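As provided, model20.pdb (PDB, C-alpha atoms) reads as follows.
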```pdb
ATOM      1  CA  MET A  30    -131.817 -97.820  60.855
ATOM      2  CA  LYS A  31    -133.672 -94.656  61.809
ATOM      3  CA  ALA A  32    -135.174 -92.566  58.997
ATOM      4  CA  ALA A  33    -137.540 -89.623  58.451
ATOM      5  CA  ARG A  34    -140.173 -90.628  55.905
ATOM      6  CA  PHE A  35    -142.624 -88.590  53.851
ATOM      7  CA  TYR A  36    -146.127 -90.060  53.507
ATOM      8  CA  GLU A  37    -148.375 -87.249  52.291
ATOM      9  CA  PRO A  38    -148.297 -83.482  51.710
ATOM     10  CA  ASN A  39    -148.799 -81.091  54.614
ATOM     11  CA  LYS A  40    -148.180 -83.805  57.204
ATOM     12  CA  PRO A  41    -145.061 -84.086  59.399
ATOM     13  CA  LEU A  42    -142.374 -86.539  58.345
ATOM     14  CA  ARG A  43    -142.445 -89.695  60.456
ATOM     15  CA  ILE A  44    -139.357 -90.881  62.325
ATOM     16  CA  GLU A  45    -139.344 -94.669  61.892
ATOM     17  CA  GLU A  46    -137.142 -97.737  62.155
ATOM     18  CA  VAL A  47    -136.648 -99.213  58.673
ATOM     19  CA  PRO A  48    -134.375-101.946  57.209
ATOM     20  CA  LEU A  49    -130.884-100.986  56.069
ATOM     21  CA  PRO A  50    -130.771-100.341  52.300
ATOM     22  CA  LYS A  51    -129.440-103.242  50.222
ATOM     23  CA  ILE A  52    -126.495-102.587  47.929
ATOM     24  CA  ARG A  53    -125.672-104.004  44.496
ATOM     25  CA  GLU A  54    -122.291-104.944  42.992
ATOM     26  CA  ARG A  55    -121.373-101.349  42.058
ATOM     27  CA  TRP A  56    -123.184 -99.596  44.920
ATOM     28  CA  VAL A  57    -122.076 -98.546  48.389
ATOM     29  CA  LEU A  58    -123.746 -98.076  51.735
ATOM     30  CA  VAL A  59    -122.970 -94.637  53.142
ATOM     31  CA  GLU A  60    -123.389 -93.772  56.803
ATOM     32  CA  VAL A  61    -124.953 -90.313  56.579
ATOM     33  CA  LYS A  62    -123.101 -87.706  58.625
ATOM     34  CA  ALA A  63    -124.855 -84.603  57.271
ATOM     35  CA  CYS A  64    -127.726 -83.834  54.908
ATOM     36  CA  GLY A  65    -128.774 -80.353  53.831
ATOM     37  CA  ILE A  66    -132.431 -79.374  54.010
ATOM     38  CA  CYS A  67    -133.243 -77.957  50.579
ATOM     39  CA  HIS A  68    -136.194 -75.865  49.404
ATOM     40  CA  SER A  69    -136.969 -78.707  46.988
ATOM     41  CA  ASP A  70    -137.627 -80.912  50.023
ATOM     42  CA  LEU A  71    -140.023 -78.280  51.315
ATOM     43  CA  HIS A  72    -141.818 -78.255  47.957
ATOM     44  CA  ILE A  73    -142.294 -82.028  48.276
ATOM     45  CA  THR A  74    -143.713 -81.790  51.785
ATOM     46  CA  LYS A  75    -146.146 -79.104  50.582
ATOM     47  CA  GLY A  76    -147.198 -81.135  47.543
ATOM     48  CA  THR A  77    -145.993 -78.686  44.894
ATOM     49  CA  ILE A  78    -143.408 -81.235  43.724
ATOM     50  CA  LYS A  79    -144.938 -84.665  43.218
ATOM     51  CA  VAL A  80    -142.993 -87.846  44.018
ATOM     52  CA  PRO A  81    -143.655 -91.238  42.380
ATOM     53  CA  LYS A  82    -143.856 -93.255  45.587
ATOM     54  CA  THR A  83    -144.537 -93.004  49.289
ATOM     55  CA  PRO A  84    -143.353 -93.523  51.911
ATOM     56  CA  LEU A  85    -140.146 -91.838  50.791
ATOM     57  CA  ILE A  86    -136.971 -90.818  52.602
ATOM     58  CA  LEU A  87    -136.205 -87.268  51.440
ATOM     59  CA  GLY A  88    -132.797 -85.583  51.211
ATOM     60  CA  HIS A  89    -130.287 -85.186  48.377
ATOM     61  CA  GLU A  90    -127.477 -83.033  49.878
ATOM     62  CA  ILE A  91    -125.490 -85.826  51.499
ATOM     63  CA  SER A  92    -122.057 -86.451  52.970
ATOM     64  CA  GLY A  93    -120.863 -89.333  55.102
ATOM     65  CA  ARG A  94    -118.597 -92.313  55.557
ATOM     66  CA  ILE A  95    -118.625 -95.569  53.604
ATOM     67  CA  ALA A  96    -120.055 -98.370  55.750
ATOM     68  CA  ASP A  97    -120.115-101.165  53.158
ATOM     69  CA  ILE A  98    -119.169-101.679  49.508
ATOM     70  CA  GLY A  99    -120.424-103.820  46.632
ATOM     71  CA  SER A 100    -118.455-106.830  45.425
ATOM     72  CA  GLU A 101    -117.132-105.118  42.258
ATOM     73  CA  ILE A 102    -115.816-101.934  43.846
ATOM     74  CA  GLU A 103    -112.072-101.376  44.086
ATOM     75  CA  GLU A 104    -111.764 -97.567  44.075
ATOM     76  CA  PHE A 105    -113.250 -97.052  47.556
ATOM     77  CA  ARG A 106    -112.771 -98.639  50.975
ATOM     78  CA  LYS A 107    -114.882 -98.863  54.105
ATOM     79  CA  GLY A 108    -114.353 -95.781  56.232
ATOM     80  CA  ASP A 109    -113.675 -93.396  53.320
ATOM     81  CA  ARG A 110    -115.159 -89.929  53.852
ATOM     82  CA  VAL A 111    -117.293 -88.985  50.849
ATOM     83  CA  LEU A 112    -119.763 -86.487  49.504
ATOM     84  CA  VAL A 113    -122.597 -87.776  47.354
ATOM     85  CA  SER A 114    -124.073 -86.483  44.124
ATOM     86  CA  GLY A 115    -127.850 -86.753  44.439
ATOM     87  CA  MET A 116    -128.451 -87.258  40.698
ATOM     88  CA  ILE A 117    -127.957 -90.734  39.230
ATOM     89  CA  PRO A 118    -127.761 -90.494  35.411
ATOM     90  CA  CYS A 119    -128.140 -93.520  33.135
ATOM     91  CA  GLY A 120    -124.650 -93.074  31.664
ATOM     92  CA  GLU A 121    -125.775 -94.276  28.222
ATOM     93  CA  CYS A 122    -128.063 -91.678  26.604
ATOM     94  CA  TYR A 123    -127.138 -88.837  24.250
ATOM     95  CA  TYR A 124    -126.999 -86.303  27.096
ATOM     96  CA  CYS A 125    -124.750 -88.445  29.272
ATOM     97  CA  ALA A 126    -122.446 -89.109  26.305
ATOM     98  CA  SER A 127    -122.223 -85.374  25.530
ATOM     99  CA  GLY A 128    -121.240 -84.396  29.084
ATOM    100  CA  LYS A 129    -124.672 -83.105  30.087
ATOM    101  CA  ASP A 130    -125.751 -85.920  32.393
ATOM    102  CA  ASN A 131    -127.617 -83.398  34.572
ATOM    103  CA  ILE A 132    -130.362 -83.395  31.904
ATOM    104  CA  CYS A 133    -130.288 -87.166  31.371
ATOM    105  CA  GLN A 134    -133.787 -88.289  30.400
ATOM    106  CA  ARG A 135    -133.552 -91.402  32.554
ATOM    107  CA  LYS A 136    -131.809 -89.963  35.618
ATOM    108  CA  VAL A 137    -132.998 -90.908  39.100
ATOM    109  CA  GLU A 138    -132.684 -88.505  42.024
ATOM    110  CA  LEU A 139    -132.069 -89.361  45.656
ATOM    111  CA  GLY A 140    -134.866 -88.157  47.899
ATOM    112  CA  ILE A 141    -137.271 -87.815  44.962
ATOM    113  CA  GLN A 142    -137.499 -91.082  43.011
ATOM    114  CA  ILE A 143    -135.590 -93.219  45.508
ATOM    115  CA  ASP A 144    -134.767 -92.980  49.216
ATOM    116  CA  GLY A 145    -132.358 -90.233  50.174
ATOM    117  CA  GLY A 146    -130.337 -88.921  53.098
ATOM    118  CA  TYR A 147    -132.846 -88.105  55.841
ATOM    119  CA  ALA A 148    -131.679 -91.328  57.458
ATOM    120  CA  GLN A 149    -128.725 -92.952  59.172
ATOM    121  CA  TYR A 150    -127.685 -94.741  55.969
ATOM    122  CA  VAL A 151    -128.232 -94.369  52.227
ATOM    123  CA  ALA A 152    -127.380 -96.641  49.266
ATOM    124  CA  VAL A 153    -125.819 -95.004  46.187
ATOM    125  CA  PRO A 154    -123.808 -96.034  43.095
ATOM    126  CA  SER A 155    -120.047 -95.715  43.570
ATOM    127  CA  LYS A 156    -119.898 -93.352  40.552
ATOM    128  CA  ASN A 157    -121.817 -90.808  42.661
ATOM    129  CA  LEU A 158    -119.125 -90.587  45.334
ATOM    130  CA  TYR A 159    -116.348 -88.004  45.669
ATOM    131  CA  ARG A 160    -113.654 -88.164  48.320
ATOM    132  CA  MET A 161    -113.688 -85.466  50.968
ATOM    133  CA  PRO A 162    -110.460 -83.745  51.992
ATOM    134  CA  ASP A 163    -109.624 -84.153  55.684
ATOM    135  CA  SER A 164    -109.912 -80.383  56.134
ATOM    136  CA  MET A 165    -113.551 -80.321  55.004
ATOM    137  CA  SER A 166    -116.363 -80.888  57.490
ATOM    138  CA  TYR A 167    -119.324 -83.135  56.714
ATOM    139  CA  GLU A 168    -121.631 -80.123  56.962
ATOM    140  CA  GLU A 169    -119.625 -78.191  54.371
ATOM    141  CA  ALA A 170    -119.501 -81.190  52.056
ATOM    142  CA  ALA A 171    -123.254 -81.763  52.295
ATOM    143  CA  ILE A 172    -124.290 -78.292  51.162
ATOM    144  CA  LEU A 173    -121.557 -78.178  48.521
ATOM    145  CA  THR A 174    -123.352 -81.027  46.707
ATOM    146  CA  ASP A 175    -126.284 -78.825  45.629
ATOM    147  CA  ALA A 176    -126.579 -75.471  47.400
ATOM    148  CA  VAL A 177    -123.120 -74.555  46.063
ATOM    149  CA  ALA A 178    -122.923 -76.792  42.965
ATOM    150  CA  THR A 179    -126.166 -75.552  41.381
ATOM    151  CA  PRO A 180    -125.271 -71.816  41.510
ATOM    152  CA  PHE A 181    -121.747 -72.724  40.336
ATOM    153  CA  HIS A 182    -123.308 -74.381  37.282
ATOM    154  CA  ALA A 183    -125.598 -71.354  36.845
ATOM    155  CA  VAL A 184    -122.685 -68.896  36.946
ATOM    156  CA  LYS A 185    -120.859 -70.975  34.337
ATOM    157  CA  LEU A 186    -123.935 -71.058  32.073
ATOM    158  CA  GLY A 187    -124.281 -67.298  32.496
ATOM    159  CA  ARG A 188    -120.670 -66.917  31.329
ATOM    160  CA  VAL A 189    -119.919 -64.463  34.123
ATOM    161  CA  THR A 190    -116.423 -63.038  33.817
ATOM    162  CA  PHE A 191    -114.226 -60.095  34.861
ATOM    163  CA  GLY A 192    -116.090 -56.849  34.353
ATOM    164  CA  SER A 193    -119.569 -58.396  34.154
ATOM    165  CA  THR A 194    -122.438 -56.726  35.965
ATOM    166  CA  VAL A 195    -124.726 -59.240  37.659
ATOM    167  CA  ALA A 196    -128.067 -59.081  39.482
ATOM    168  CA  VAL A 197    -129.028 -61.947  41.794
ATOM    169  CA  PHE A 198    -132.748 -62.117  42.549
ATOM    170  CA  GLY A 199    -133.220 -64.079  45.785
ATOM    171  CA  VAL A 200    -130.238 -64.523  48.099
ATOM    172  CA  GLY A 201    -131.262 -67.644  49.976
ATOM    173  CA  GLY A 202    -129.309 -70.893  50.056
ATOM    174  CA  LEU A 203    -128.488 -70.915  46.341
ATOM    175  CA  GLY A 204    -128.564 -67.216  45.543
ATOM    176  CA  MET A 205    -126.093 -66.365  48.290
ATOM    177  CA  ASN A 206    -123.587 -68.723  46.717
ATOM    178  CA  ALA A 207    -124.257 -67.153  43.310
ATOM    179  CA  VAL A 208    -123.260 -63.814  44.857
ATOM    180  CA  GLN A 209    -120.036 -65.291  46.194
ATOM    181  CA  LEU A 210    -119.191 -67.206  43.015
ATOM    182  CA  SER A 211    -119.962 -64.263  40.702
ATOM    183  CA  THR A 212    -117.726 -62.062  42.835
ATOM    184  CA  LEU A 213    -114.953 -64.649  42.603
ATOM    185  CA  ALA A 214    -115.378 -64.612  38.817
ATOM    186  CA  GLY A 215    -114.698 -60.868  38.826
ATOM    187  CA  ALA A 216    -118.225 -59.502  38.468
ATOM    188  CA  ARG A 217    -119.874 -56.476  40.011
ATOM    189  CA  VAL A 218    -122.853 -57.958  41.887
ATOM    190  CA  ILE A 219    -126.234 -56.459  42.806
ATOM    191  CA  ALA A 220    -128.233 -58.558  45.305
ATOM    192  CA  VAL A 221    -132.049 -58.328  45.394
ATOM    193  CA  ASP A 222    -134.214 -59.744  48.188
ATOM    194  CA  ILE A 223    -137.028 -58.793  50.550
ATOM    195  CA  LEU A 224    -135.088 -59.445  53.785
ATOM    196  CA  ASP A 225    -132.525 -56.922  55.022
ATOM    197  CA  GLN A 226    -130.688 -59.610  57.016
ATOM    198  CA  LYS A 227    -130.000 -61.625  53.871
ATOM    199  CA  LEU A 228    -128.958 -58.527  51.975
ATOM    200  CA  ALA A 229    -126.500 -57.640  54.743
ATOM    201  CA  LEU A 230    -124.960 -61.110  54.465
ATOM    202  CA  ALA A 231    -124.845 -60.783  50.670
ATOM    203  CA  LYS A 232    -122.665 -57.703  51.213
ATOM    204  CA  GLU A 233    -120.278 -59.833  53.267
ATOM    205  CA  PHE A 234    -120.065 -62.298  50.377
ATOM    206  CA  GLY A 235    -119.175 -59.603  47.864
ATOM    207  CA  ALA A 236    -122.341 -57.846  46.692
ATOM    208  CA  GLU A 237    -121.464 -54.252  45.811
ATOM    209  CA  GLU A 238    -125.074 -53.069  45.872
ATOM    210  CA  THR A 239    -128.187 -54.432  47.603
ATOM    211  CA  ILE A 240    -131.855 -53.766  46.899
ATOM    212  CA  ASN A 241    -134.795 -54.555  49.156
ATOM    213  CA  SER A 242    -137.531 -55.082  46.560
ATOM    214  CA  LYS A 243    -140.240 -54.604  49.205
ATOM    215  CA  ILE A 244    -139.089 -51.021  49.671
ATOM    216  CA  GLU A 245    -137.923 -49.932  46.214
ATOM    217  CA  ASP A 246    -138.456 -50.926  42.583
ATOM    218  CA  PRO A 247    -135.527 -53.238  41.747
ATOM    219  CA  ILE A 248    -135.706 -52.548  37.992
ATOM    220  CA  HIS A 249    -135.543 -48.764  38.454
ATOM    221  CA  ARG A 250    -132.679 -49.072  40.946
ATOM    222  CA  ILE A 251    -130.702 -51.511  38.764
ATOM    223  CA  LEU A 252    -131.029 -49.148  35.791
ATOM    224  CA  GLN A 253    -129.809 -46.301  38.022
ATOM    225  CA  ILE A 254    -126.784 -48.316  39.135
ATOM    226  CA  THR A 255    -125.914 -49.346  35.566
ATOM    227  CA  ASN A 256    -126.382 -45.902  33.983
ATOM    228  CA  GLY A 257    -129.571 -46.991  32.270
ATOM    229  CA  ASN A 258    -128.061 -50.014  30.554
ATOM    230  CA  GLY A 259    -129.108 -52.933  32.751
ATOM    231  CA  VAL A 260    -126.949 -55.828  33.904
ATOM    232  CA  ASP A 261    -125.104 -58.321  31.737
ATOM    233  CA  VAL A 262    -126.574 -61.304  33.599
ATOM    234  CA  ALA A 263    -129.628 -61.628  35.875
ATOM    235  CA  PHE A 264    -129.978 -64.751  38.023
ATOM    236  CA  GLU A 265    -133.439 -65.777  39.249
ATOM    237  CA  PHE A 266    -133.287 -68.015  42.342
ATOM    238  CA  VAL A 267    -136.818 -67.478  43.690
ATOM    239  CA  GLY A 268    -139.033 -69.324  41.228
ATOM    240  CA  LEU A 269    -141.832 -66.747  41.059
ATOM    241  CA  PRO A 270    -143.343 -65.038  37.989
ATOM    242  CA  THR A 271    -142.717 -61.592  39.524
ATOM    243  CA  THR A 272    -138.986 -62.115  39.994
ATOM    244  CA  LEU A 273    -138.703 -63.675  36.531
ATOM    245  CA  GLU A 274    -140.316 -60.581  35.009
ATOM    246  CA  GLN A 275    -137.998 -58.353  37.053
ATOM    247  CA  ALA A 276    -134.955 -60.333  35.947
ATOM    248  CA  ILE A 277    -135.912 -59.977  32.280
ATOM    249  CA  ALA A 278    -136.547 -56.236  32.662
ATOM    250  CA  SER A 279    -133.228 -55.686  34.437
ATOM    251  CA  VAL A 280    -130.852 -57.018  31.745
ATOM    252  CA  ARG A 281    -129.239 -54.952  29.037
ATOM    253  CA  ARG A 282    -129.676 -55.509  25.325
ATOM    254  CA  GLY A 283    -128.023 -58.820  24.470
ATOM    255  CA  GLY A 284    -128.017 -59.788  28.144
ATOM    256  CA  LYS A 285    -128.702 -63.158  29.740
ATOM    257  CA  VAL A 286    -131.372 -64.274  32.215
ATOM    258  CA  VAL A 287    -130.442 -67.460  34.082
ATOM    259  CA  LEU A 288    -133.352 -69.310  35.713
ATOM    260  CA  ALA A 289    -132.428 -71.523  38.669
ATOM    261  CA  GLY A 290    -135.376 -71.069  41.041
ATOM    262  CA  VAL A 291    -137.746 -73.999  41.473
ATOM    263  CA  GLY A 292    -141.030 -72.528  40.263
ATOM    264  CA  THR A 293    -144.398 -74.200  39.776
ATOM    265  CA  GLN A 294    -146.417 -71.194  38.610
ATOM    266  CA  LYS A 295    -146.933 -70.020  35.043
ATOM    267  CA  ALA A 296    -145.619 -66.611  34.036
ATOM    268  CA  ASN A 297    -147.100 -64.188  31.497
ATOM    269  CA  LEU A 298    -144.184 -62.808  29.521
ATOM    270  CA  SER A 299    -144.003 -60.319  26.689
ATOM    271  CA  MET A 300    -142.191 -61.878  23.754
ATOM    272  CA  ARG A 301    -141.523 -58.373  22.443
ATOM    273  CA  ASP A 302    -139.601 -57.458  25.602
ATOM    274  CA  MET A 303    -137.307 -60.413  24.984
ATOM    275  CA  THR A 304    -136.908 -60.189  21.213
ATOM    276  CA  ALA A 305    -136.435 -56.424  21.046
ATOM    277  CA  LYS A 306    -133.478 -56.644  23.408
ATOM    278  CA  GLU A 307    -132.317 -60.010  21.995
ATOM    279  CA  ILE A 308    -132.208 -61.511  25.479
ATOM    280  CA  GLU A 309    -130.828 -64.987  26.026
ATOM    281  CA  ILE A 310    -132.849 -67.035  28.551
ATOM    282  CA  ILE A 311    -131.049 -70.021  30.098
ATOM    283  CA  GLY A 312    -132.553 -72.732  32.282
ATOM    284  CA  VAL A 313    -130.518 -74.434  35.003
ATOM    285  CA  GLN A 314    -130.973 -78.068  35.962
ATOM    286  CA  GLY A 315    -128.689 -78.891  38.864
ATOM    287  CA  PHE A 316    -125.034 -79.427  38.060
ATOM    288  CA  VAL A 317    -122.554 -81.660  36.248
ATOM    289  CA  ALA A 318    -120.967 -83.404  39.212
ATOM    290  CA  HIS A 319    -117.997 -85.131  37.558
ATOM    291  CA  THR A 320    -116.552 -81.822  36.297
ATOM    292  CA  GLU A 321    -117.879 -79.333  38.848
ATOM    293  CA  TYR A 322    -117.509 -81.118  42.200
ATOM    294  CA  PRO A 323    -113.695 -81.441  41.949
ATOM    295  CA  ALA A 324    -113.374 -77.736  41.120
ATOM    296  CA  LEU A 325    -115.587 -76.732  44.062
ATOM    297  CA  ILE A 326    -113.768 -79.024  46.493
ATOM    298  CA  ASP A 327    -110.481 -77.452  45.411
ATOM    299  CA  MET A 328    -111.871 -73.931  45.902
ATOM    300  CA  VAL A 329    -113.017 -74.753  49.442
ATOM    301  CA  VAL A 330    -109.745 -76.465  50.391
ATOM    302  CA  HIS A 331    -107.697 -73.483  49.223
ATOM    303  CA  GLY A 332    -109.902 -70.969  51.042
ATOM    304  CA  ARG A 333    -111.287 -69.253  47.951
ATOM    305  CA  LEU A 334    -114.872 -70.294  48.689
ATOM    306  CA  ASP A 335    -116.448 -69.878  52.139
ATOM    307  CA  VAL A 336    -119.017 -72.606  52.736
ATOM    308  CA  LYS A 337    -118.977 -72.603  56.549
ATOM    309  CA  LYS A 338    -120.729 -69.249  56.717
ATOM    310  CA  MET A 339    -123.618 -70.707  54.707
ATOM    311  CA  ILE A 340    -124.498 -73.167  57.498
ATOM    312  CA  SER A 341    -127.098 -71.396  59.625
ATOM    313  CA  GLN A 342    -127.669 -74.252  62.056
ATOM    314  CA  THR A 343    -127.778 -78.021  62.424
ATOM    315  CA  VAL A 344    -130.642 -80.136  63.767
ATOM    316  CA  PRO A 345    -130.733 -83.833  64.740
ATOM    317  CA  LEU A 346    -132.683 -86.307  62.592
ATOM    318  CA  GLU A 347    -135.395 -86.548  65.240
ATOM    319  CA  GLU A 348    -136.070 -82.811  64.790
ATOM    320  CA  VAL A 349    -136.293 -82.831  60.986
ATOM    321  CA  ASN A 350    -139.767 -81.267  61.039
ATOM    322  CA  ARG A 351    -138.418 -78.377  63.096
ATOM    323  CA  GLY A 352    -135.668 -77.960  60.495
ATOM    324  CA  LEU A 353    -138.238 -77.811  57.682
ATOM    325  CA  ASP A 354    -140.251 -75.320  59.724
ATOM    326  CA  ILE A 355    -137.183 -73.109  60.169
ATOM    327  CA  LEU A 356    -136.701 -73.051  56.404
ATOM    328  CA  GLU A 357    -140.359 -72.475  55.541
ATOM    329  CA  LYS A 358    -140.936 -69.687  58.082
ATOM    330  CA  GLN A 359    -137.407 -68.257  57.757
ATOM    331  CA  ILE A 360    -136.903 -68.481  61.515
ATOM    332  CA  GLY A 361    -133.610 -66.835  62.416
ATOM    333  CA  ASN A 362    -132.853 -65.851  58.802
ATOM    334  CA  PRO A 363    -131.489 -69.263  57.699
ATOM    335  CA  ILE A 364    -129.261 -69.733  54.659
ATOM    336  CA  ARG A 365    -128.850 -73.514  54.959
ATOM    337  CA  VAL A 366    -130.114 -75.823  57.701
ATOM    338  CA  VAL A 367    -128.240 -79.136  57.947
ATOM    339  CA  LEU A 368    -129.615 -82.392  59.306
ATOM    340  CA  LYS A 369    -127.292 -84.478  61.469
ATOM    341  CA  PRO A 370    -128.425 -88.154  61.616
TER     342      PRO A 370
END
```
Target format structure tokens, applied to this file:
Amino acid sequence: MKAARFYEPNKPLRIEEVPLPKIRERWVLVEVKACGICHSDLHITKGTIKVPKTPLILGHEISGRIADIGSEIEEFRKGDRVLVSGMIPCGECYYCASGKDNICQRKVELGIQIDGGYAQYVAVPSKNLYRMPDSMSYEEAAILTDAVATPFHAVKLGRVTFGSTVAVFGVGGLGMNAVQLSTLAGARVIAVDILDQKLALAKEFGAEETINSKIEDPIHRILQITNGNGVDVAFEFVGLPTTLEQAIASVRRGGKVVLAGVGTQKANLSMRDMTAKEIEIIGVQGFVAHTEYPALIDMVVHGRLDVKKMISQTVPLEEVNRGLDILEKQIGNPIRVVLKP
């Protein structure tokens, strides 16, 4: 099969012919029809996220069609359209047993520890598959697996509900969905970013107020909007110390700060700022696929959640490096770029 493989940081991925992945008794071979290009992939190519082996096929936002099945599988058939959860938990530890398999200590992730979806085929356990409705496109299904599922999990952890006031710092691929999902939950949403084009789109997805933090102080403006109180929940989807500090400063007393951005830098935080206001800080690690995927699929099918508008453009596998470049340089204001093997 054809695959795009990562060898070393700051070098283009190589398009190569490699053997088809082998499958075990409870695994399937999926013909990849779409794979989202995630910021995490960009972090790997830049060396800020380390991977345990190279060469490695990146990509964890995958949808496709089953090409082959293991000998012990009865619940799926060849030809089934499926979306794939990129996290493979052990299924045996305390966290898996308590319904929090997203923080499984022994989990393996597609495109990070093992080969992922920047290829024509990928091998995955059958437990990681979810059937796609006929009305859902492969592109929609691919970005639902992470770009939608992670902010969905974040909004749940933030306990956003009717009447909540919410600030979303960073309205890229994940943050834009947090805007949409928070609005669906009944919240009043304030979107914060440095790009007017993204803020305009955030308005389309339900943001009541938008703030360009390059032009005005987001903390001052949020306090103005909320009559000096601050928001109930602040979501940080950038992964920078500055936006983390802004998120903490923007919440009311007793508020929540939900951290979902992939950050590698250390932040200097005032403990007094957090304790005096009794702020709750919540980390987000992906999603819980077995409970959250079915709910998201249902929301898309019934038209409550618009995923199509999140797809900025598609690129063929051979042009994967151009796709990564689009994301890194924000060419054409992308929300999500999807690879089409």
### Task
Counting all atoms listed in the file, figure out which residue out of A:Asp261, A:Asp354, A:Asp130, A:Glu347 gets nearest to Glu46 of chain A.
A:Glu347
### Task
For segment 298-315 of chain A, please output as a ChimeraX atom specification all residues within 8 Å (counting only C-alpha atoms; exclusion window: fewer than 2 positions along the same chain).
/A:131-132,175,178-179,182-183,186-187,274,277-278,280-289,296,317
Please produce a file of the residues just selected, as a CSV table (one decimal), in the coordinates of the input, where the atoms kept are C-alpha atoms.
```csv
chain,number,residue,atom,x,y,z
A,131,ASN,CA,-127.6,-83.4,34.6
A,132,ILE,CA,-130.4,-83.4,31.9
A,175,ASP,CA,-126.3,-78.8,45.6
A,178,ALA,CA,-122.9,-76.8,43.0
A,179,THR,CA,-126.2,-75.6,41.4
A,182,HIS,CA,-123.3,-74.4,37.3
A,183,ALA,CA,-125.6,-71.4,36.8
A,186,LEU,CA,-123.9,-71.1,32.1
A,187,GLY,CA,-124.3,-67.3,32.5
A,274,GLU,CA,-140.3,-60.6,35.0
A,277,ILE,CA,-135.9,-60.0,32.3
A,278,ALA,CA,-136.5,-56.2,32.7
A,280,VAL,CA,-130.9,-57.0,31.7
A,281,ARG,CA,-129.2,-55.0,29.0
A,282,ARG,CA,-129.7,-55.5,25.3
A,283,GLY,CA,-128.0,-58.8,24.5
A,284,GLY,CA,-128.0,-59.8,28.1
A,285,LYS,CA,-128.7,-63.2,29.7
A,286,VAL,CA,-131.4,-64.3,32.2
A,287,VAL,CA,-130.4,-67.5,34.1
A,288,LEU,CA,-133.4,-69.3,35.7
A,289,ALA,CA,-132.4,-71.5,38.7
A,296,ALA,CA,-145.6,-66.6,34.0
A,317,VAL,CA,-122.6,-81.7,36.2
```
Sort by chain and increasing residue number a table of all residues of segment 82-101 of chain A within 12 Å of segment 348-352 of chain A, each with its closest pair of atoms and their distance in Å to one decimal, counting all atoms listed in the file, and write it as CSV.
```
residue,atom,partner,partner_atom,distance
A:Ile86,CA,A:Val349,CA,11.6
A:Leu87,CA,A:Val349,CA,10.5
A:Gly88,CA,A:Val349,CA,10.7
```
### Message
Once the PyMOL selection byres ((chain A and resi 93) around 7) is applied to the coordinates I shared, what remains selected? I want it as a list in words.
### Response
Val59, Glu60, Val61, Lys62, Ala63, Ile91, Ser92, Arg94, Ile95, Arg110, Val111, Leu112 and Tyr167 of chain A
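Residues captured in this structure file are A:Val344, A:Leu346, A:Glu347, A:Glu348, A:Leu368, A:Lys369, A:Pro370, according to the PyMOL selection byres ((chain A and resi 345) around 6).
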### Task
Run the PyMOL selection byres ((chain A and resi 35) around 9) on the file and write out the hits as an MDAnalysis selection string.
chainID A and resid 33:34 36:38 40:43 73:74 83:87
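Restricting the calculation to only C-alpha atoms, the smallest distance between Val184 of chain A and any of A:Ile98, A:Val208, A:Leu224, A:Ile117 is found for A:Val208.
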### Query
Expressed in Å to a single decimal, how great is the separation between atom CA of Gly268 of chain A and atom CA of Val189 of chain A?
21.0 Å
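Atom to atom, atom CA of Gly76 of chain A and atom CA of Ala318 of chain A stand 27.6 Å apart.
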Just the residues within 9 Å of Gly292 of chain A, please, counting only C-alpha atoms, with nothing from its chain fewer than 2 positions along; format it as a PDB file with C-alpha atoms, in the frame of the given file.
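Saved file result20.pdb follows:
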```
ATOM      1  CA  VAL A 267    -136.818 -67.478  43.690  1.00  0.00           C
ATOM      2  CA  GLY A 268    -139.033 -69.324  41.228  1.00  0.00           C
ATOM      3  CA  LEU A 269    -141.832 -66.747  41.059  1.00  0.00           C
ATOM      4  CA  PRO A 270    -143.343 -65.038  37.989  1.00  0.00           C
ATOM      5  CA  ALA A 289    -132.428 -71.523  38.669  1.00  0.00           C
ATOM      6  CA  GLY A 290    -135.376 -71.069  41.041  1.00  0.00           C
ATOM      7  CA  GLN A 294    -146.417 -71.194  38.610  1.00  0.00           C
ATOM      8  CA  LYS A 295    -146.933 -70.020  35.043  1.00  0.00           C
TER       9      LYS A 295
END
```
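Nearest residue to Lys75 of chain A among A:Arg160, A:Val137, A:Asn39, A:Ile326 is A:Asn39, counting only C-alpha atoms.
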### Message
Which residues are close to Glu103 of chain A, i.e. within 12 Å by all atoms listed in the file, leaving aside same-chain residues fewer than 6 positions away? Reply as a ChimeraX atom specification.
### Response
/A:54-57,155-156
#### Entry: Best match for closeness to Glu237 of chain A among A:Val291, A:Val200, A:Ile360, A:Val218, counting all atoms listed in the file
A:Val218
Step by step, gather every atom of segment 68-84 of chain A that the file lists, find the box along x, y and z that holds them, add 6 Å on each side, and finally give centre and edge lengths in Å to one decimal, as lines of an AutoDock Vina configuration file.
```
center_x = -141.7
center_y = -84.7
center_z = 47.1
size_x = 23.0
size_y = 29.7
size_z = 21.5
```
